[in-house]
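Presented below is the structure to which this report refers.
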Amino acid sequence: MAVVVYLTYTPGVLEHLKPKRLPGLFIALIVSFMRLWFSAARIRYLSEKKLSWIASFRVMLSWDFTSSVTPSTIGGAPMATFAMTKEGFRLGQSSAIILYSVLLDQLWFALAVPILLVTGLYYEVVPDNIGMVGQASMLLLYAGLLSYAGLMAYGVLKNPSAITKVLNGLFKLPFLRRWRGKIAEEAKNLEEYSHELRKKPKSFLLKAFFLTFMSWMARVALPTIVVLSLLPADVVLSVLRSLAMNLAFLIMPTPGGSGGVEGLFAIFQGPLMDRKAFIGLAVFAWRIISYYITVGLGMMATTWYINRSVIDKLQTEEAGAEINEDISAGNKH
């Protein structure tokens, strides 16, 4: 981010800011919290409202935080599963709910790819300045997302037992074998809950997908809102490029995509801005609103779960020590 600001900043650029546009940054902040609300609402809905609203926000914030501090290709799903177990759900049930959430995300990607391919015939969705390699990479990304969405749909909706077989096979490895019994039990729970989700009416899937759709639309809208808060731009093209950017973010190998996503913002959104000096300012505002605020809130949520885990462990150890004392006292008598 500092590099982008350094390369694009021009002294006196702030004098060209129009006060009437700046309220757009507050709108971006509201849209960022709307994204979080839709994501939390989806988790709560998939748990059949067994999760309270506060717990749903905690789970989502911990998910977002872990995604922000680990490579984008890893994501925060494992932390979200752990968080749900701390909210009282069985590991298998938590895994099924998170897997279903990931599946809904993949279905959204499967919808987004055709939109980008069709609109790419009429708009320059992928900028020419990324070159032939960049164009080919985007096409490979589209193909990979569609393939992964198909596999997820098959595993979660069509054949949950396939996931169980994969887990059981994985935990036959020597260094994982000691957890094999526990995992086999939880894999069975996962399969059972997956079957329960499959029995839900189509309206259940449609509402869950609607919440997913709105969450991603809020995420996609953020770069465009930030750009329009500084300068006029082609709104349709900005939104389409933002959609393409968000798909490209998924394969960034750095924690939270840091470094790569700022560069992609400059490449995709920069050409739409008349004043190049505003690119660094736009990147800065966008990352603060969409990333760093989430990191701060997510850190608090994740720490809450870690503290709870430590407290539970200490209480278990204290209870075990008391039992041993009682047994020792009984033996003396």
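Letters A, B, ... mark the chains of the structure tokens in the order given; residue numbers begin at 1 per chain; ligand numbers begin at 1, in order shown.
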
I'd like the neighbourhood of segment 309-317 of chain A as a compact mmCIF listing (two decimals) with all heavy atoms, in the first residue's frame, where a residue qualifies if any of its atoms comes within 10 Å (using only C-alpha atoms), though same-chain residues fewer than 6 positions away should be ignored.
```
# COMPACT_ATOMS: atom_id res chain seq x y z
N PHE A 82 -13.88 -24.12 14.52
CA PHE A 82 -13.47 -24.14 15.93
C PHE A 82 -14.36 -23.22 16.76
O PHE A 82 -14.79 -23.57 17.87
CB PHE A 82 -12.00 -23.70 16.03
CG PHE A 82 -11.54 -23.42 17.43
CD1 PHE A 82 -11.23 -24.45 18.30
CD2 PHE A 82 -11.42 -22.11 17.89
CE1 PHE A 82 -10.81 -24.19 19.60
CE2 PHE A 82 -11.00 -21.83 19.18
CZ PHE A 82 -10.69 -22.89 20.04
N ALA A 83 -14.65 -22.03 16.20
CA ALA A 83 -15.49 -21.06 16.92
C ALA A 83 -16.87 -21.63 17.19
O ALA A 83 -17.43 -21.46 18.28
CB ALA A 83 -15.59 -19.76 16.12
N LYS A 86 -16.99 -23.93 20.06
CA LYS A 86 -16.97 -23.19 21.33
C LYS A 86 -18.33 -22.57 21.63
O LYS A 86 -18.59 -22.17 22.76
CB LYS A 86 -15.89 -22.10 21.30
CG LYS A 86 -14.47 -22.65 21.33
CD LYS A 86 -14.26 -23.48 22.58
CE LYS A 86 -12.97 -24.23 22.59
NZ LYS A 86 -12.87 -25.13 23.78
N THR A 303 -9.75 -13.65 19.98
CA THR A 303 -9.17 -13.69 21.33
C THR A 303 -10.20 -14.20 22.34
O THR A 303 -9.86 -14.93 23.27
CB THR A 303 -8.66 -12.30 21.74
OG1 THR A 303 -7.74 -11.84 20.77
CG2 THR A 303 -7.98 -12.35 23.10
N ILE A 323 -10.75 -34.44 41.73
CA ILE A 323 -11.14 -35.86 41.75
C ILE A 323 -10.01 -36.72 42.28
O ILE A 323 -10.21 -37.63 43.09
CB ILE A 323 -11.56 -36.31 40.33
CG1 ILE A 323 -12.87 -35.63 39.93
CG2 ILE A 323 -11.72 -37.83 40.26
CD1 ILE A 323 -13.26 -35.84 38.48
```

Give me, as a CSV table (one decimal) with all heavy atoms, in the first residue's frame, all polymer residues having an atom no more than 9 Å from Leu36 of chain A, counting only C-alpha atoms and skipping those fewer than 5 positions away in the same chain.
```csv
chain,number,residue,atom,x,y,z
A,31,VAL,N,-21.7,0.0,4.1
A,31,VAL,CA,-21.8,-1.2,3.3
A,31,VAL,C,-20.9,-2.3,3.8
A,31,VAL,O,-21.2,-3.5,3.7
A,31,VAL,CB,-21.4,-0.8,1.8
A,31,VAL,CG1,-21.3,-2.1,0.9
A,31,VAL,CG2,-22.5,0.1,1.2
A,41,ALA,N,-25.8,-13.3,9.3
A,41,ALA,CA,-27.2,-13.8,9.2
A,41,ALA,C,-27.2,-15.2,8.5
A,41,ALA,O,-28.0,-16.0,8.8
A,41,ALA,CB,-28.0,-12.8,8.4
A,57,PHE,N,-22.1,-13.1,14.9
A,57,PHE,CA,-21.1,-12.1,14.6
A,57,PHE,C,-19.7,-12.5,15.1
A,57,PHE,O,-18.8,-12.2,14.4
A,57,PHE,CB,-21.5,-10.7,15.2
A,57,PHE,CG,-22.5,-10.0,14.4
A,57,PHE,CD1,-23.9,-9.9,14.7
A,57,PHE,CD2,-22.1,-9.3,13.3
A,57,PHE,CE1,-24.8,-9.2,14.0
A,57,PHE,CE2,-23.0,-8.5,12.5
A,57,PHE,CZ,-24.4,-8.5,12.8
A,60,MET,N,-18.4,-15.0,12.5
A,60,MET,CA,-18.0,-14.4,11.3
A,60,MET,C,-16.8,-13.5,11.4
A,60,MET,O,-15.9,-13.5,10.5
A,60,MET,CB,-19.2,-13.6,10.7
A,60,MET,CG,-20.2,-14.4,9.9
A,60,MET,SD,-19.5,-15.6,8.8
A,60,MET,CE,-18.4,-14.5,7.8
A,61,LEU,N,-16.7,-12.8,12.5
A,61,LEU,CA,-15.5,-11.9,12.7
A,61,LEU,C,-14.2,-12.8,12.9
A,61,LEU,O,-13.2,-12.4,12.3
A,61,LEU,CB,-15.7,-11.0,13.9
A,61,LEU,CG,-16.6,-9.8,13.7
A,61,LEU,CD1,-17.0,-9.2,15.1
A,61,LEU,CD2,-16.0,-8.8,12.8
A,215,SER,N,-24.1,-10.6,0.7
A,215,SER,CA,-22.8,-10.4,1.3
A,215,SER,C,-21.7,-10.1,0.3
A,215,SER,O,-20.9,-9.2,0.4
A,215,SER,CB,-22.4,-11.6,2.1
A,215,SER,OG,-21.1,-11.5,2.6
```

(request) Within 12 Å of Phe33 of chain A, counting only C-alpha atoms, which residues show up once you throw out same-chain ones fewer than 3 positions away? Write them as a PyMOL selection string, please. (result) chain A and resi 26-30+36-40+57+60-61+214-215+218-219+222+289-291+293-294+297

(message) Report, in Å with one decimal, the straight-line distance from atom CA of Phe213 of chain A to atom CA of Leu243 of chain A.
(response) 12.2 Å

(request) Would you list, as number ranges by chain, the residues of segment 160-301 of chain A that end up in alpha helix (DSSP H) under DSSP run on this structure's backbone? (result) A: 160-170, 180-198, 202-230, 235-248, 260-268, 278-287, 293-301

(request) Could you give me, as a list in words, the residues within 10 Å of Ile115 of chain A, counting only C-alpha atoms and dropping anything in the same chain fewer than 6 positions from it? (result)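 My list of contacting residues is Phe109, Leu240, Leu243 and Ala244 of chain A.
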
(request) Counting only C-alpha atoms, figure out which residue out of A:Leu25, A:Met79, A:Leu281, A:Met138 gets nearest to Val125 of chain A. (result)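 Closest to Val125 of chain A, using only C-alpha atoms: A:Met138.
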
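What separates atom CA of Asp234 of chain A from atom CA of Leu272 of chain A is a distance of 6.8 Å.
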
Residues at most 10 Å from Gly270 of chain A, counting only C-alpha atoms, excluding those fewer than 2 positions away in the same chain, as a PDB file with N, CA, C and O atoms, in the first residue's frame?
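Output below, filename part_15.pdb:
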```
ATOM      1  N   THR A   8       2.110   7.032  -6.772  1.00  0.00           N
ATOM      2  CA  THR A   8       0.998   7.788  -7.379  1.00  0.00           C
ATOM      3  C   THR A   8       0.746   9.144  -6.730  1.00  0.00           C
ATOM      4  O   THR A   8       0.030   9.967  -7.305  1.00  0.00           O
ATOM      5  N   VAL A 227     -14.003   4.635  -4.977  1.00  0.00           N
ATOM      6  CA  VAL A 227     -13.558   5.390  -6.154  1.00  0.00           C
ATOM      7  C   VAL A 227     -14.487   6.567  -6.414  1.00  0.00           C
ATOM      8  O   VAL A 227     -14.038   7.701  -6.644  1.00  0.00           O
ATOM      9  N   SER A 238     -16.553  -0.222 -13.379  1.00  0.00           N
ATOM     10  CA  SER A 238     -15.901  -0.324 -12.075  1.00  0.00           C
ATOM     11  C   SER A 238     -16.433  -1.517 -11.275  1.00  0.00           C
ATOM     12  O   SER A 238     -15.665  -2.257 -10.662  1.00  0.00           O
ATOM     13  N   GLY A 263      -2.092  -4.035  -5.436  1.00  0.00           N
ATOM     14  CA  GLY A 263      -1.652  -3.950  -6.825  1.00  0.00           C
ATOM     15  C   GLY A 263      -2.793  -4.179  -7.798  1.00  0.00           C
ATOM     16  O   GLY A 263      -2.923  -3.466  -8.807  1.00  0.00           O
ATOM     17  N   LEU A 264      -3.647  -5.164  -7.498  1.00  0.00           N
ATOM     18  CA  LEU A 264      -4.787  -5.446  -8.363  1.00  0.00           C
ATOM     19  C   LEU A 264      -5.762  -4.264  -8.388  1.00  0.00           C
ATOM     20  O   LEU A 264      -6.336  -3.946  -9.439  1.00  0.00           O
ATOM     21  N   PHE A 265      -5.952  -3.634  -7.236  1.00  0.00           N
ATOM     22  CA  PHE A 265      -6.827  -2.454  -7.190  1.00  0.00           C
ATOM     23  C   PHE A 265      -6.288  -1.375  -8.118  1.00  0.00           C
ATOM     24  O   PHE A 265      -7.041  -0.770  -8.892  1.00  0.00           O
ATOM     25  N   ALA A 266      -4.982  -1.124  -8.039  1.00  0.00           N
ATOM     26  CA  ALA A 266      -4.377  -0.085  -8.880  1.00  0.00           C
ATOM     27  C   ALA A 266      -4.488  -0.446 -10.365  1.00  0.00           C
ATOM     28  O   ALA A 266      -4.738   0.424 -11.202  1.00  0.00           O
ATOM     29  N   ILE A 267      -4.347  -1.740 -10.676  1.00  0.00           N
ATOM     30  CA  ILE A 267      -4.399  -2.176 -12.078  1.00  0.00           C
ATOM     31  C   ILE A 267      -5.825  -2.118 -12.630  1.00  0.00           C
ATOM     32  O   ILE A 267      -6.057  -1.668 -13.742  1.00  0.00           O
ATOM     33  N   PHE A 268      -6.797  -2.582 -11.827  1.00  0.00           N
ATOM     34  CA  PHE A 268      -8.177  -2.688 -12.300  1.00  0.00           C
ATOM     35  C   PHE A 268      -8.936  -1.362 -12.189  1.00  0.00           C
ATOM     36  O   PHE A 268      -9.667  -0.982 -13.104  1.00  0.00           O
ATOM     37  N   LEU A 272      -9.575   3.837 -14.387  1.00  0.00           N
ATOM     38  CA  LEU A 272     -10.887   4.487 -14.415  1.00  0.00           C
ATOM     39  C   LEU A 272     -10.870   5.849 -13.722  1.00  0.00           C
ATOM     40  O   LEU A 272     -11.853   6.592 -13.780  1.00  0.00           O
ATOM     41  N   MET A 273      -9.754   6.177 -13.055  1.00  0.00           N
ATOM     42  CA  MET A 273      -9.649   7.425 -12.310  1.00  0.00           C
ATOM     43  C   MET A 273      -8.882   8.463 -13.134  1.00  0.00           C
ATOM     44  O   MET A 273      -7.756   8.210 -13.579  1.00  0.00           O
ATOM     45  N   ASP A 274      -9.497   9.617 -13.335  1.00  0.00           N
ATOM     46  CA  ASP A 274      -8.871  10.659 -14.161  1.00  0.00           C
ATOM     47  C   ASP A 274      -7.570  11.169 -13.549  1.00  0.00           C
ATOM     48  O   ASP A 274      -6.608  11.439 -14.261  1.00  0.00           O
ATOM     49  N   ARG A 275      -7.560  11.307 -12.248  1.00  0.00           N
ATOM     50  CA  ARG A 275      -6.360  11.802 -11.564  1.00  0.00           C
ATOM     51  C   ARG A 275      -5.621  10.616 -10.948  1.00  0.00           C
ATOM     52  O   ARG A 275      -6.067  10.029  -9.966  1.00  0.00           O
ATOM     53  N   LYS A 276      -4.486  10.256 -11.538  1.00  0.00           N
ATOM     54  CA  LYS A 276      -3.726   9.104 -11.060  1.00  0.00           C
ATOM     55  C   LYS A 276      -3.228   9.308  -9.635  1.00  0.00           C
ATOM     56  O   LYS A 276      -2.959   8.346  -8.915  1.00  0.00           O
ATOM     57  N   ALA A 277      -3.114  10.574  -9.227  1.00  0.00           N
ATOM     58  CA  ALA A 277      -2.634  10.861  -7.878  1.00  0.00           C
ATOM     59  C   ALA A 277      -3.614  10.374  -6.819  1.00  0.00           C
ATOM     60  O   ALA A 277      -3.252  10.241  -5.645  1.00  0.00           O
ATOM     61  N   PHE A 278      -4.860  10.110  -7.220  1.00  0.00           N
ATOM     62  CA  PHE A 278      -5.868   9.656  -6.264  1.00  0.00           C
ATOM     63  C   PHE A 278      -5.854   8.140  -6.068  1.00  0.00           C
ATOM     64  O   PHE A 278      -6.561   7.624  -5.202  1.00  0.00           O
ATOM     65  N   ILE A 279      -5.084   7.420  -6.876  1.00  0.00           N
ATOM     66  CA  ILE A 279      -5.095   5.952  -6.792  1.00  0.00           C
ATOM     67  C   ILE A 279      -4.623   5.489  -5.414  1.00  0.00           C
ATOM     68  O   ILE A 279      -5.260   4.644  -4.773  1.00  0.00           O
ATOM     69  N   GLY A 280      -3.507   6.023  -4.952  1.00  0.00           N
ATOM     70  CA  GLY A 280      -2.978   5.627  -3.646  1.00  0.00           C
ATOM     71  C   GLY A 280      -3.951   5.959  -2.525  1.00  0.00           C
ATOM     72  O   GLY A 280      -4.129   5.172  -1.590  1.00  0.00           O
ATOM     73  N   ALA A 282      -7.207   6.171  -2.807  1.00  0.00           N
ATOM     74  CA  ALA A 282      -8.329   5.232  -2.916  1.00  0.00           C
ATOM     75  C   ALA A 282      -7.964   3.873  -2.328  1.00  0.00           C
ATOM     76  O   ALA A 282      -8.760   3.258  -1.613  1.00  0.00           O
ATOM     77  N   VAL A 283      -6.752   3.402  -2.625  1.00  0.00           N
ATOM     78  CA  VAL A 283      -6.295   2.116  -2.073  1.00  0.00           C
ATOM     79  C   VAL A 283      -6.267   2.180  -0.555  1.00  0.00           C
ATOM     80  O   VAL A 283      -6.721   1.260   0.133  1.00  0.00           O
TER      81      VAL A 283
END
```

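The space separating atom CA of Leu46 of chain A from atom CA of Ser242 of chain A comes to 27.9 Å.
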
(request) For Leu116 of chain A, please output as a VMD selection string all residues within 10 Å (counting only C-alpha atoms; exclusion window: fewer than 3 positions along the same chain). (result) chain A and resid 111 to 113 119 to 121 123 125 to 126 142 240 to 241 243 to 244

(request) With a distance cut-off of 12 Å and only C-alpha atoms, select the neighbouring residues of segment 250-255 of chain A, excluding the residue or stretch itself and same-chain residues fewer than 6 positions from it, and output the selection as a VMD selection string. (result) chain A and resid 64 to 76 105 to 106 109 137 to 138 140 to 142 144 to 145 243 to 244 261 to 264 291 295

(request) Would you mind telling me which residue in A:Val59, A:Ile97, A:Met132, A:Leu7 lies nearest to Ala208 of chain A when using only C-alpha atoms? (result) A:Ile97
